[in-house]
>>> print(open('work.tsv').read())   # TSV, C-alpha atoms and all ligand atoms
chain	number	residue	atom	x	y	z
A	1	MET	CA	47.73	39.16	30.33
A	2	ALA	CA	45.43	37.90	27.63
A	3	ASN	CA	43.11	35.06	28.41
A	4	THR	CA	44.94	32.27	26.62
A	5	ALA	CA	41.96	29.94	26.96
A	6	ALA	CA	40.05	32.14	24.51
A	7	LEU	CA	42.81	32.15	21.93
A	8	GLU	CA	41.63	29.10	20.03
A	9	GLY	CA	40.10	28.62	16.62
A	10	ILE	CA	39.90	31.35	13.97
A	11	ASN	CA	43.06	33.42	14.38
A	12	GLY	CA	42.97	32.25	17.98
A	13	LEU	CA	39.89	34.36	18.62
A	14	ARG	CA	37.00	31.98	17.98
A	15	ASP	CA	35.49	32.20	21.46
A	16	ILE	CA	35.20	35.95	21.48
A	17	ARG	CA	33.83	36.20	17.93
A	18	ARG	CA	30.54	38.08	17.83
A	19	SER	CA	28.04	37.82	14.98
A	20	PRO	CA	26.99	41.11	13.34
A	21	ALA	CA	23.41	40.95	14.66
A	22	SER	CA	24.16	39.35	18.02
A	23	HIS	CA	23.06	42.52	19.81
A	24	LEU	CA	19.59	42.02	18.27
A	25	ALA	CA	19.16	38.45	19.52
A	26	SER	CA	16.56	39.26	22.18
A	27	ALA	CA	14.74	41.67	19.87
A	28	LEU	CA	14.55	39.01	17.17
A	29	GLU	CA	13.10	36.58	19.67
A	30	ALA	CA	10.58	39.10	20.98
A	31	GLY	CA	9.59	40.19	17.46
A	32	SER	CA	9.04	36.69	16.14
A	33	VAL	CA	5.48	35.39	16.01
A	34	GLU	CA	5.61	31.63	16.45
A	35	GLY	CA	3.63	29.86	13.75
A	36	THR	CA	3.36	33.03	11.67
A	37	VAL	CA	6.78	34.47	10.98
A	38	VAL	CA	10.03	33.81	12.83
A	39	LEU	CA	13.33	35.66	12.39
A	40	LYS	CA	16.65	34.36	13.65
A	41	GLU	CA	20.26	35.08	12.98
A	42	GLY	CA	21.86	31.92	11.65
A	43	PRO	CA	25.11	30.41	12.90
A	44	PHE	CA	28.49	31.47	11.55
A	45	GLN	CA	29.21	30.06	8.14
A	46	THR	CA	32.29	29.63	6.06
A	47	MET	CA	31.98	31.61	2.84
A	48	ALA	CA	34.31	31.88	-0.09
A	49	GLY	CA	34.01	34.27	-2.99
A	50	ILE	CA	35.04	32.76	-6.28
A	51	ARG	CA	35.70	34.48	-9.57
A	52	VAL	CA	36.47	32.08	-12.34
A	53	ASP	CA	35.35	31.41	-15.89
A	54	PRO	CA	33.17	28.30	-15.40
A	55	ARG	CA	34.01	27.01	-18.88
A	56	SER	CA	37.76	27.10	-18.27
A	57	GLU	CA	39.97	24.29	-17.00
A	58	GLN	CA	40.41	25.97	-13.60
A	59	GLY	CA	36.64	26.42	-13.55
A	60	SER	CA	36.07	22.69	-13.78
A	61	ARG	CA	38.77	22.04	-11.16
A	62	ILE	CA	36.97	24.38	-8.76
A	63	ALA	CA	33.63	22.82	-9.69
A	64	SER	CA	34.92	19.39	-8.70
A	65	VAL	CA	36.00	20.69	-5.28
A	66	ALA	CA	32.88	22.74	-4.61
A	67	GLY	CA	30.45	20.19	-6.00
A	68	GLY	CA	29.61	21.98	-9.24
A	69	LEU	CA	29.17	25.58	-10.34
A	70	PRO	CA	25.68	26.94	-11.05
A	71	ALA	CA	25.10	27.82	-14.68
A	72	ARG	CA	22.64	30.69	-14.46
A	73	CYS	CA	20.95	33.25	-12.25
A	74	GLY	CA	19.03	31.64	-9.38
A	75	GLU	CA	20.73	28.28	-9.52
A	76	VAL	CA	22.48	26.73	-6.53
A	77	ALA	CA	25.00	23.93	-6.95
A	78	GLY	CA	27.07	22.04	-4.40
A	79	SER	CA	27.01	18.92	-2.26
A	80	ASP	CA	27.43	17.71	1.36
A	81	GLY	CA	26.23	20.89	3.02
A	82	VAL	CA	28.30	23.06	0.66
A	83	SER	CA	26.17	25.41	-1.46
A	84	VAL	CA	27.51	27.32	-4.45
A	85	LEU	CA	25.38	30.36	-5.24
A	86	TRP	CA	25.36	32.13	-8.59
A	87	LEU	CA	26.28	35.81	-8.26
A	88	GLY	CA	27.31	36.50	-11.85
A	89	PRO	CA	28.40	34.70	-15.01
A	90	ALA	CA	31.89	34.28	-13.54
A	91	GLU	CA	31.27	34.98	-9.86
A	92	PHE	CA	30.07	32.55	-7.21
A	93	LEU	CA	29.62	32.40	-3.44
A	94	VAL	CA	30.42	29.16	-1.65
A	95	VAL	CA	28.55	28.73	1.64
A	96	ALA	CA	29.46	25.92	4.01
A	97	PRO	CA	29.16	25.14	7.73
A	98	GLU	CA	31.59	26.90	10.03
A	99	GLU	CA	33.63	23.73	10.65
A	100	ALA	CA	34.59	23.68	6.97
A	101	HIS	CA	36.93	26.61	7.62
A	102	ASP	CA	40.60	25.74	7.56
A	103	SER	CA	41.23	27.28	10.98
A	104	LEU	CA	38.66	24.94	12.54
A	105	GLY	CA	39.90	21.71	11.05
A	106	GLY	CA	38.26	21.94	7.63
A	107	ASP	CA	39.92	22.48	4.29
A	108	LEU	CA	37.40	24.36	2.15
A	109	ILE	CA	39.34	27.56	1.50
A	110	GLY	CA	42.64	25.74	1.08
A	111	SER	CA	41.29	23.19	-1.34
A	112	LEU	CA	39.53	25.85	-3.43
A	113	THR	CA	42.72	27.91	-3.53
A	114	ALA	CA	44.69	24.85	-4.54
A	115	ALA	CA	42.14	24.03	-7.26
A	116	LEU	CA	42.54	27.48	-8.76
A	117	GLY	CA	46.32	27.32	-8.60
A	118	ASP	CA	48.07	29.98	-10.65
A	119	ALA	CA	45.26	30.19	-13.20
A	120	PRO	CA	43.32	33.44	-13.75
A	121	GLY	CA	40.61	33.89	-11.15
A	122	GLN	CA	40.32	34.37	-7.43
A	123	VAL	CA	39.31	32.57	-4.26
A	124	VAL	CA	38.77	34.85	-1.28
A	125	ASP	CA	37.82	33.88	2.27
A	126	LEU	CA	34.65	35.93	2.88
A	127	SER	CA	33.50	34.15	6.02
A	128	ALA	CA	33.19	37.39	7.98
A	129	ASN	CA	31.71	39.37	5.08
A	130	ARG	CA	28.07	38.41	5.45
A	131	THR	CA	25.79	37.17	8.19
A	132	THR	CA	22.73	34.99	7.81
A	133	PHE	CA	19.14	35.80	8.70
A	134	GLU	CA	16.65	32.98	8.68
A	135	LEU	CA	13.08	34.11	8.05
A	136	SER	CA	10.44	31.42	8.14
A	137	GLY	CA	6.73	30.89	8.55
A	138	PRO	CA	3.59	31.33	6.47
A	139	ARG	CA	4.04	35.12	6.48
A	140	ALA	CA	7.73	35.14	5.56
A	141	ARG	CA	6.98	35.92	1.94
A	142	ALA	CA	4.59	38.74	2.86
A	143	VAL	CA	7.30	40.31	5.04
A	144	LEU	CA	9.87	40.21	2.27
A	145	GLU	CA	7.43	41.52	-0.31
A	146	LYS	CA	7.30	44.81	1.58
A	147	GLY	CA	10.81	45.57	0.42
A	148	CYS	CA	11.79	43.17	-2.33
A	149	ALA	CA	10.75	43.68	-5.93
A	150	VAL	CA	11.52	40.23	-7.34
A	151	ASP	CA	8.57	37.91	-7.77
A	152	LEU	CA	8.51	35.75	-4.65
A	153	HIS	CA	5.34	33.87	-5.56
A	154	PRO	CA	5.91	30.10	-5.27
A	155	ARG	CA	5.07	29.67	-8.96
A	156	SER	CA	8.15	31.65	-9.96
A	157	ILE	CA	10.66	30.96	-7.18
A	158	LYS	CA	11.25	27.40	-5.98
A	159	PRO	CA	13.08	26.24	-2.85
A	160	GLY	CA	16.78	26.03	-3.64
A	161	THR	CA	16.84	29.29	-5.60
A	162	ALA	CA	19.23	32.09	-4.68
A	163	LEU	CA	19.03	35.63	-6.06
A	164	ASN	CA	21.32	38.59	-5.66
A	165	THR	CA	18.85	41.41	-5.08
A	166	GLU	CA	17.65	44.05	-2.62
A	167	VAL	CA	15.52	43.71	0.49
A	168	GLY	CA	14.57	46.92	2.26
A	169	ASN	CA	17.02	48.76	-0.02
A	170	ILE	CA	19.86	46.58	1.29
A	171	PRO	CA	21.80	44.44	-1.19
A	172	VAL	CA	21.39	40.82	-0.10
A	173	VAL	CA	21.71	37.36	-1.46
A	174	LEU	CA	18.26	35.88	-0.94
A	175	LEU	CA	18.06	32.10	-0.75
A	176	LYS	CA	14.72	30.35	-0.69
A	177	SER	CA	15.57	27.45	1.61
A	178	GLY	CA	12.13	25.86	1.95
A	179	GLU	CA	8.49	26.28	0.96
A	180	GLU	CA	8.03	28.92	3.65
A	181	SER	CA	11.55	29.81	4.65
A	182	PHE	CA	14.20	32.17	3.34
A	183	ARG	CA	17.80	32.91	4.16
A	184	LEU	CA	19.13	36.41	3.69
A	185	PHE	CA	22.83	37.13	3.46
A	186	PRO	CA	23.42	40.85	4.06
A	187	ARG	CA	26.91	42.26	4.47
A	188	ALA	CA	27.89	42.55	8.11
A	189	SER	CA	27.60	46.33	8.23
A	190	PHE	CA	23.99	46.17	7.01
A	191	ALA	CA	22.94	43.46	9.48
A	192	ASP	CA	21.72	45.88	12.13
A	193	PHE	CA	19.61	47.91	9.71
A	194	LEU	CA	18.17	44.90	7.91
A	195	GLY	CA	17.41	43.11	11.18
A	196	ARG	CA	15.48	46.10	12.46
A	197	TRP	CA	13.80	46.60	9.08
A	198	LEU	CA	12.58	42.99	9.10
A	199	LEU	CA	11.36	43.31	12.69
A	200	ASP	CA	9.39	46.38	11.72
A	201	ALA	CA	7.93	44.58	8.71
A	202	MET	CA	6.95	41.65	10.94
A	203	ARG	CA	5.20	43.74	13.57
A	204	GLU	CA	1.73	43.74	12.07
A	205	TYR	CA	1.57	39.93	12.17
A	206	ALA	CA	1.73	39.97	15.97
A	207	SER	CA	-1.70	41.61	16.04
A	208	PRO	CA	-4.94	39.84	15.26
A	209	GLU	CA	-5.85	40.02	11.59
A	210	VAL	CA	-8.33	42.75	10.72
A	211	PRO	CA	-11.15	41.14	8.76
B	1	MET	CA	10.17	53.04	-11.59
B	2	LEU	CA	11.67	51.30	-14.58
B	3	LEU	CA	11.59	47.55	-14.85
B	4	ILE	CA	14.83	46.69	-16.61
B	5	SER	CA	15.50	43.36	-18.23
B	6	CYS	CA	19.03	42.34	-17.29
B	7	PRO	CA	20.42	39.92	-19.91
B	8	ASN	CA	21.62	37.66	-17.09
B	9	CYS	CA	18.99	38.02	-14.38
B	10	GLY	CA	15.73	38.96	-16.06
B	11	SER	CA	13.40	41.77	-15.01
B	12	ARG	CA	14.56	43.74	-12.00
B	13	ASP	CA	13.78	47.07	-10.42
B	14	GLU	CA	15.62	50.16	-11.60
B	15	THR	CA	17.09	50.59	-8.08
B	16	GLU	CA	19.31	47.56	-8.65
B	17	PHE	CA	21.02	49.29	-11.58
B	18	HIS	CA	23.43	52.11	-12.16
B	19	TYR	CA	23.33	54.33	-15.19
B	20	GLY	CA	26.54	54.43	-17.19
B	21	GLY	CA	25.89	57.26	-19.61
B	22	GLN	CA	25.91	57.30	-23.38
B	23	ALA	CA	26.98	54.08	-25.08
B	24	HIS	CA	29.32	53.73	-28.05
B	25	VAL	CA	31.64	56.56	-27.06
B	26	ALA	CA	34.87	55.05	-28.26
B	27	TYR	CA	38.24	55.81	-26.70
B	28	PRO	CA	40.29	57.85	-29.17
B	29	GLU	CA	42.74	55.75	-31.12
B	30	ASN	CA	45.56	58.24	-30.58
B	31	PRO	CA	44.72	60.50	-27.63
B	32	ASN	CA	47.99	62.38	-28.13
B	33	ASP	CA	46.88	63.55	-31.55
B	34	LEU	CA	43.80	65.25	-30.17
B	35	THR	CA	43.60	68.96	-29.55
B	36	ASP	CA	42.54	70.06	-26.09
B	37	ARG	CA	39.12	70.83	-27.45
B	38	GLU	CA	38.72	67.38	-29.02
B	39	TRP	CA	39.93	65.71	-25.85
B	40	ALA	CA	37.52	67.74	-23.74
B	41	GLU	CA	34.71	66.83	-26.09
B	42	TYR	CA	35.60	63.16	-25.80
B	43	LEU	CA	35.68	63.38	-22.01
B	44	PHE	CA	32.77	65.63	-21.21
B	45	TYR	CA	30.46	66.13	-24.17
B	46	ARG	CA	27.57	63.75	-24.59
B	47	ASP	CA	24.47	63.75	-26.71
B	48	ASN	CA	21.33	64.97	-25.04
B	49	THR	CA	18.94	63.08	-27.23
B	50	LYS	CA	15.23	63.58	-27.07
B	51	GLY	CA	13.98	60.21	-28.22
B	52	THR	CA	15.75	56.90	-28.62
B	53	PHE	CA	19.10	56.92	-26.86
B	54	ALA	CA	21.75	54.21	-26.58
B	55	GLU	CA	23.09	54.04	-23.05
B	56	ARG	CA	25.11	51.81	-20.75
B	57	TRP	CA	23.75	50.25	-17.58
B	58	LEU	CA	25.31	48.20	-14.79
B	59	HIS	CA	23.33	45.64	-12.81
B	60	SER	CA	25.16	46.65	-9.67
B	61	THR	CA	23.26	44.75	-6.98
B	62	GLY	CA	22.69	41.74	-9.20
B	63	CYS	CA	25.16	40.10	-11.53
B	64	ARG	CA	27.46	43.18	-11.62
B	65	GLN	CA	27.65	43.06	-15.41
B	66	TRP	CA	27.42	45.92	-17.88
B	67	PHE	CA	25.06	45.96	-20.82
B	68	ASN	CA	23.71	48.41	-23.38
B	69	MET	CA	20.17	49.56	-23.69
B	70	LEU	CA	18.11	51.56	-26.18
B	71	ARG	CA	15.71	53.73	-24.25
B	72	ASP	CA	13.36	56.48	-25.29
B	73	THR	CA	14.21	59.46	-23.14
B	74	VAL	CA	10.71	60.87	-23.53
B	75	THR	CA	8.52	57.83	-22.95
B	76	TYR	CA	11.08	55.73	-21.01
B	77	ASP	CA	10.18	52.90	-23.35
B	78	ILE	CA	13.01	50.35	-23.37
B	79	GLN	CA	13.40	49.27	-26.97
B	80	ALA	CA	16.34	46.91	-26.84
B	81	VAL	CA	18.87	45.39	-24.45
B	82	TYR	CA	22.10	44.18	-26.05
B	83	PRO	CA	25.58	43.14	-24.92
B	84	MET	CA	28.56	45.43	-24.52
B	85	GLY	CA	30.71	45.53	-27.61
B	86	THR	CA	27.92	44.92	-30.08
B	87	PRO	CA	26.72	47.67	-32.44
B	88	ARG	CA	23.60	49.63	-31.76
B	89	PRO	CA	20.64	47.67	-33.11
B	90	ALA	CA	18.35	49.32	-35.60
B	91	ALA	CA	15.40	50.24	-33.46
B	92	ALA	CA	12.31	52.10	-34.49
B	93	GLY	CA	13.37	55.70	-34.04
B	94	ALA	CA	9.83	56.97	-34.43
B	95	ALA	CA	8.33	54.15	-32.45
B	96	ALA	CA	6.88	56.52	-29.90
B	97	VAL	CA	4.57	58.07	-32.43
B	98	ALA	CA	4.39	55.39	-35.08
B	99	ALA	CA	2.55	52.74	-33.17
B	100	PRO	CA	0.80	52.35	-29.86
B	101	ASP	CA	2.61	49.05	-29.31
B	102	ALA	CA	6.00	50.67	-29.74
B	103	GLY	CA	8.92	48.93	-28.22
B	104	THR	CA	7.88	45.36	-28.72
B	105	ALA	CA	9.36	45.28	-32.20
B	106	SER	CA	12.67	46.65	-31.02
B	107	THR	CA	15.13	44.79	-33.20
B	108	ALA	CA	12.70	44.06	-36.00
B	109	PRO	CA	14.40	44.01	-39.40
B	110	ASP	CA	11.75	46.23	-40.93
B	111	SER	CA	12.52	49.14	-38.66
B	112	THR	CA	14.21	52.08	-40.32
B	113	THR	CA	17.66	53.25	-39.41
B	114	THR	CA	17.64	55.18	-36.22
B	115	GLY	CA	16.98	58.83	-36.09
B	116	THR	CA	17.60	59.78	-39.71
B	117	ALA	CA	14.39	61.34	-40.91
B	118	ALA	CA	11.90	60.40	-38.29
B	119	PRO	CA	9.00	62.85	-38.59
B	120	SER	CA	8.40	62.48	-34.93
B	121	THR	CA	6.85	65.28	-32.98
B	122	THR	CA	9.38	64.65	-30.27
B	123	ALA	CA	12.29	65.20	-32.62
B	124	THR	CA	11.26	68.30	-34.52
B	125	SER	CA	12.83	70.83	-32.23
B	126	ILE	CA	16.12	69.00	-31.90
B	127	SER	CA	17.65	67.38	-34.91
B	128	PRO	CA	18.29	63.72	-34.26
B	129	THR	CA	22.05	63.95	-34.28
B	130	SER	CA	24.19	60.96	-34.91
B	131	THR	CA	25.79	59.46	-31.83
B	132	ALA	CA	29.28	59.93	-33.26
B	133	SER	CA	29.00	63.68	-33.62
B	134	SER	CA	30.57	64.56	-30.29
B	135	THR	CA	33.77	62.66	-30.75
B	136	THR	CA	36.46	62.20	-33.31
B	137	ALA	CA	37.01	58.65	-32.17
B	138	PRO	CA	36.98	55.83	-34.66
B	139	GLU	CA	33.94	53.64	-34.77
B	140	GLY	CA	33.84	50.14	-33.39
B	141	ALA	CA	36.32	50.64	-30.58
B	142	THR	CA	33.75	50.39	-27.84
B	143	LYS	CA	34.59	48.37	-24.81
C	301	ZN	ZN	21.92	41.02	-13.79
>>> encode(input="work.tsv", output="structure tokens", more="lines below")
Ligand SMILES: [Zn+2]
Amino acid sequence: MANTAALEGINGLRDIRRSPASHLASALEAGSVEGTVVLKEGPFQTMAGIRVDPRSEQGSRIASVAGGLPARCGEVAGSDGVSVLWLGPAEFLVVAPEEAHDSLGGDLIGSLTAALGDAPGQVVDLSANRTTFELSGPRARAVLEKGCAVDLHPRSIKPGTALNTEVGNIPVVLLKSGEESFRLFPRASFADFLGRWLLDAMREYASPEVP
Amino acid sequence: MLLISCPNCGSRDETEFHYGGQAHVAYPENPNDLTDREWAEYLFYRDNTKGTFAERWLHSTGCRQWFNMLRDTVTYDIQAVYPMGTPRPAAAGAAAVAAPDAGTASTAPDSTTTGTAAPSTTATSISPTSTASSTTAPEGATK
């Protein structure tokens, strides 16, 4: 018989849910250089993909639920721990803590779906689509610059900017979360490759700097 | 590596984009009226321009939007980026030989109509054919 104790939460399977890079957890810990560059896989998050014309009536209804829609590339809108990332002129990614998911007592997906109603557009639960890597430390930018062509210099990218781009040839949403920290959202199937790619890029910073 | 200016996202690496072939190839107004040869030419025949070429691009790992671009197939000089559905801008057809700073004055009003009589060394062997030559489709029906 199935272990009924585990059948709670998301589709009754919350306790046995595994994150896409969970098998790398010890490698991420071993490969991190405290005070220089640290890589972690972030906690589960609730994500919703939204396609809606932001200038339409349904667009403003969704904006009022999500806490605003970003107007252009790089911008992040949202409120109360809910971030709305710009993916395209009519495409957005809502990122919220795991508890915001309807199956865990929240109402994010349901309220977004209700806000769209029957109007043209879509709201899709993408919570399992992407995982989160958190890369931080004074060398975080140098690590990313090995495989990311957008200008990551602080003069051109400020904390609170999110870009849909490539890191290590993997399509990711790259969010600059602090002065020296980044969040990367790769699709689940790329998490293993990107995790190992980042570890490889971080390796040189474990050795003493060559003058 | 090309650095392509997406109208939505700004300058990004070529690897973020997908090439969409020749621009301004309109869908035939009445496909049933076409002969097999005309239909095949609409489907498969494209200009192979040496020089300024209007082409479609998709920013596939960015904003996922299509746009048009005028690019010199010899120098890779990007002369103009313009939205889908708008006509090809008049870009300097002989820009590659006319001026060392070619490309910056892409949509300048003083530039001559594209490809007509450009005495360019790059265009002497192949006549600069008009983009509509390979199809019988009506103009202005681009997506
Ligand atoms: Zn773009």
>>> closest_atom_pairs(input="work.tsv", of="chain A", to="ligand ZN 301 (chain C)", cutoff="12 Å", atoms="only C-alpha atoms and all ligand atoms", output="Markdown table")
| residue | atom | partner | partner_atom | distance |
| --- | --- | --- | --- | --- |
| A:Arg72 | CA | C:ZN301 | ZN | 10.4 |
| A:Cys73 | CA | C:ZN301 | ZN | 8.0 |
| A:Gly74 | CA | C:ZN301 | ZN | 10.8 |
| A:Trp86 | CA | C:ZN301 | ZN | 10.9 |
| A:Leu87 | CA | C:ZN301 | ZN | 8.8 |
| A:Gly88 | CA | C:ZN301 | ZN | 7.3 |
| A:Pro89 | CA | C:ZN301 | ZN | 9.1 |
| A:Glu91 | CA | C:ZN301 | ZN | 11.8 |
| A:Leu163 | CA | C:ZN301 | ZN | 9.9 |
| A:Asn164 | CA | C:ZN301 | ZN | 8.5 |
| A:Thr165 | CA | C:ZN301 | ZN | 9.2 |
>>> residues_around(input="work.tsv", residues="region 5-14 of chain B", least_positions_apart="5", cutoff="10 Å", atoms="all atoms listed in the file", output="number ranges by chain")
A: 72-74, 87-89, 148-151, 163-166; B: 19, 57-59, 62-69, 78, 80-83
>>> write_last_selection(input="work.tsv", atoms="C-alpha atoms", output="tab-separated table (two decimals), keeping the file's coordinate frame")
chain	number	residue	atom	x	y	z
A	72	ARG	CA	22.64	30.69	-14.46
A	73	CYS	CA	20.95	33.25	-12.25
A	74	GLY	CA	19.03	31.64	-9.38
A	87	LEU	CA	26.28	35.81	-8.26
A	88	GLY	CA	27.31	36.50	-11.85
A	89	PRO	CA	28.40	34.70	-15.01
A	148	CYS	CA	11.79	43.17	-2.33
A	149	ALA	CA	10.75	43.68	-5.93
A	150	VAL	CA	11.52	40.23	-7.34
A	151	ASP	CA	8.57	37.91	-7.77
A	163	LEU	CA	19.03	35.63	-6.06
A	164	ASN	CA	21.32	38.59	-5.66
A	165	THR	CA	18.85	41.41	-5.08
A	166	GLU	CA	17.65	44.05	-2.62
B	19	TYR	CA	23.33	54.33	-15.19
B	57	TRP	CA	23.75	50.25	-17.58
B	58	LEU	CA	25.31	48.20	-14.79
B	59	HIS	CA	23.33	45.64	-12.81
B	62	GLY	CA	22.69	41.74	-9.20
B	63	CYS	CA	25.16	40.10	-11.53
B	64	ARG	CA	27.46	43.18	-11.62
B	65	GLN	CA	27.65	43.06	-15.41
B	66	TRP	CA	27.42	45.92	-17.88
B	67	PHE	CA	25.06	45.96	-20.82
B	68	ASN	CA	23.71	48.41	-23.38
B	69	MET	CA	20.17	49.56	-23.69
B	78	ILE	CA	13.01	50.35	-23.37
B	80	ALA	CA	16.34	46.91	-26.84
B	81	VAL	CA	18.87	45.39	-24.45
B	82	TYR	CA	22.10	44.18	-26.05
B	83	PRO	CA	25.58	43.14	-24.92
>>> residues_around(input="work.tsv", residues="Val95 (chain A)", least_positions_apart="5", cutoff="9 Å", atoms="all atoms listed in the file", output="count of residues only")
10
>>> closest_residue(input="work.tsv", among="B:Leu2, B:Thr15, B:Gly85, B:Ala90", to="chain A", atoms="only C-alpha atoms")
B:Thr15
>>> atom_distance(input="work.tsv", atom1="CA of Asn129 (chain A)", atom2="CA of Ser189 (chain A)")
8.7 Å
>>> closest_residue(input="work.tsv", among="B:His24, B:Arg37, B:His18, B:Arg46", to="Pro89 (chain B)", atoms="only C-alpha atoms")
B:His24
>>> residues_near_point(input="work.tsv", point="(13.9, 52.7, -26.8)", cutoff="6 Å", atoms="all atoms listed in the file", output="MDAnalysis selection string")
chainID B and resid 52 70:72 77:79
>>> residues_near_point(input="work.tsv", point="(8.3, 36.4, 5.3)", cutoff="9 Å", atoms="only C-alpha atoms", output="list in words")
Thr36, Val37, Val38, Leu39, Leu135, Ser136, Gly137, Pro138, Arg139, Ala140, Arg141, Ala142, Val143, Leu144, Glu145, Glu180, Ser181, Phe182, Leu198, Ala201 and Met202 of chain A
>>> atom_distance(input="work.tsv", atom1="CA of Gly49 (chain A)", atom2="CA of Gln122 (chain A)")
7.7 Å
>>> residues_around(input="work.tsv", residues="region 54-69 of chain A", least_positions_apart="6", cutoff="9 Å", atoms="all atoms listed in the file", output="list in words")
Glu75, Val76, Ala77, Gly78, Ser79, Asp80, Val82, Ser83, Val84, Leu85, Trp86, Pro89, Ala90, Glu91, Phe92, Val94, Leu108, Ser111, Leu112, Thr113, Ala114, Ala115, Leu116, Gly117, Ala119, Pro120 and Gly121 of chain A
>>> atom_distance(input="work.tsv", atom1="CA of Val33 (chain A)", atom2="CA of Gly147 (chain A)")
19.4 Å
>>> closest_residue(input="work.tsv", among="B:Tyr76, B:Val25, B:Thr86, B:Gly51", to="Met1 (chain B)", atoms="all atoms listed in the file")
B:Tyr76
>>> closest_residue(input="work.tsv", among="A:Leu184, A:Val167, A:Leu194, A:Leu199", to="chain B", atoms="only C-alpha atoms")
A:Val167
>>> residues_around(input="work.tsv", residues="Lys176 (chain A)", least_positions_apart="5", cutoff="8 Å", atoms="only C-alpha atoms", output="PyMOL selection string")
chain A and resi 157-162+181-183
>>> write_last_selection(input="work.tsv", atoms="C-alpha atoms", output="compact mmCIF listing (two decimals), in the frame of the given file")
# COMPACT_ATOMS: atom_id res chain seq x y z
CA ILE A 157 10.66 30.96 -7.18
CA LYS A 158 11.25 27.40 -5.98
CA PRO A 159 13.08 26.24 -2.85
CA GLY A 160 16.78 26.03 -3.64
CA THR A 161 16.84 29.29 -5.60
CA ALA A 162 19.23 32.09 -4.68
CA SER A 181 11.55 29.81 4.65
CA PHE A 182 14.20 32.17 3.34
CA ARG A 183 17.80 32.91 4.16
>>> closest_residue(input="work.tsv", among="A:Ser103, A:Ala71, A:Glu204, A:Pro154", to="chain B", atoms="all atoms listed in the file")
A:Ala71
>>> closest_residue(input="work.tsv", among="B:Pro28, B:Thr49, B:Phe44, B:Thr61", to="chain A", atoms="only C-alpha atoms")
B:Thr61
